[in-house]
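Undergrad: Just dropping this structure here.
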Amino acid sequence: MADHPLRSALLKKDRQGCHNIVSSDLIGQSLIDVIYEMLFSGASVKYTGEQILHPLCVINSIKNFIGDERENPPKPLMIFGVDYLLEFEFRDNDRENLDKVMKNGVGETVFVGELEDACQNSDWQNADLIMSKTFLASDGSRATLDTLSELALQNSPTNAIFVYHLLRSYQFQEKKNDNWTFIKCIFEQIKLRGLEPVHSPSRVTPETIKDEVIKSGDIVYFSAIENLWNGSYVRSRGYRRELSYWLSKIGLEQTIKGKQIPRQLLKNQNETSFTMFAKEIISNDGKTKNQKAQELVSLEAVRSILKTIDD
């Protein structure tokens, strides 16, 4: 099957071609397909920066704003999304180990525990090989993605926002043929930053500290944790073990300048149009592309947390 025109245009760095596609009259399935290609491309980039600025975090946030106005999708947000993606190079060797294993055969039985041990020991070359084998042994399922997500949450302060946006991006369509790209995406982030040890759970839950976080904590980080906590995942028990530990370590009264702005939006929520705010962010010529990207992710967190708080 041929690639979607947007996927091809992004890989070729054809900016005008990308703009033409996302500026066309998109509705229904055509809109869904274009958003998915943006998410897939976000999972395909080479990325070494701050995780809140990872293209998957930014594009998934844009996806949610578009979802609020899907009958008239805001084209400026989609143009900003493809322009942001075009700032990065794309990985082109994802299947190297996978193809070797397919050619030589999976061989001996492999277990998820071996992958976890290899990652925990920072034995990345061996981990990549084991990961390829477990992926093929599972018939290309998402099981490896779930395993790596749990490992990443062992360092939730660094990874929770990214893991939340990655899982939501994947779940948008859950195309089995693209599973490996999302798996490689999270593997590269773990490989880049390393892992914390496994932690013991605490008794703290999101509800335990929610009011205090809203008053004086990091709403963006907390929103990601709350969404992961309440999500339906095969490895939810492991996710919650790590998240509960890190919830017990959340510091309050540490709000920095810039995180106070999205908190103000928690007031007058019935009058809030997050798509309007998102468009205001990207139209601000006084801010850099990275500043706009971070504000979009922060705004999406406020949008998400508003769904679960009372007056």
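Chain labels A, B, ... are given in the sequence in which chains occur in the structure tokens; within each chain residues are numbered consecutively from 1, and ligands are likewise numbered from 1 in the order shown.
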Excluding Arg168 of chain A and residues on its chain fewer than 5 positions from it, collect all residues at most 10 Å away from it, counting only C-alpha atoms, and give them as a ChimeraX atom specification.
TA: /A:39,56-57,60-61,162-163,173-174,227-228,231
Undergrad: In terms of the shortest atom-to-atom distance over only C-alpha atoms, which of A:Val82, A:Met102, A:Ile130, A:Ile52 is closest to Asn20 of chain A?
TA: A:Val82
Undergrad: Write out as a ChimeraX atom specification each polymer residue whose atoms come within 12 Å of Phe65 of chain A, counting only C-alpha atoms; drop sequence neighbours fewer than 3 positions from it.
TA: /A:35,58-62,68-70,72-78,81,273-279,296-297,299-304
Undergrad: So which residues touch segment 144-150 of chain A within 9 Å, counting only C-alpha atoms, skipping near sequence neighbours fewer than 3 positions away, as a VMD selection string?
TA: chain A and resid 112 115 to 116 119 131 134 to 135 138 140 to 141 153 to 154 159 163 167 179 to 180 182 to 184 186 to 187 190 233 to 236 238 to 239 242
Undergrad: Set out as CSV a contact list for segment 94-142 of chain A and segment 195-212 of chain A with a cut-off of 9 Å, giving each residue of segment 94-142 of chain A that qualifies its closest atom pair and distance in Å to one decimal, counting only C-alpha atoms, ordered by chain and rising residue number.
TA:
```
residue,atom,partner,partner_atom,distance
A:Cys119,CA,A:Leu195,CA,7.6
A:Gln120,CA,A:Leu195,CA,6.2
A:Asn121,CA,A:Leu195,CA,8.6
A:Ser122,CA,A:Leu195,CA,7.9
```
Undergrad: Given the choices A:Ser169, A:Asp123, A:Thr158, A:Leu53, which gets closest to Glu37 of chain A if the distance is worked out from only C-alpha atoms?
TA: A:Ser169
Undergrad: What is the atom CA of Asp178 of chain A to atom CA of Gly28 of chain A distance in Å?
TA: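 Between atom CA of Asp178 of chain A and atom CA of Gly28 of chain A the gap is 21.5 Å.
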Undergrad: Enumerate, as a ChimeraX atom specification, the complete set of residues in segment 184-294 of chain A that a backbone-based DSSP assignment places in alpha helix (DSSP H).
TA: /A:184-193,206-216,219-230,236-247,260-264,274-282,289-294
Undergrad: Hey, what's within 8 Å of segment 10-13 of chain A if we count only C-alpha atoms and toss same-chain stuff fewer than 3 positions away? As JSON, numbers by chain, please?
TA: {"A": [6, 7, 18, 41, 82, 85, 86, 90]}
Undergrad: Let me make sure I understand: among A:Met38, A:Ser44, A:Asp3, A:Gly251, which one has the smallest atom-to-atom distance to Asn93 of chain A if we use only C-alpha atoms?
TA: A:Ser44
Undergrad: With distances taken over only C-alpha atoms, which residue among A:Ile27, A:Asn230, A:Asn290, A:Asp310 lies nearest Ile66 of chain A?
TA: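 The closest residue to Ile66 of chain A is A:Ile27.
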Undergrad: Point out the residue among A:Leu98, A:Leu192, A:Leu247, A:Ala127 with the least atom-to-atom distance to Glu50 of chain A, counting only C-alpha atoms.
TA: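 Residue with the minimum atom-to-atom distance to Glu50 of chain A: A:Leu192.
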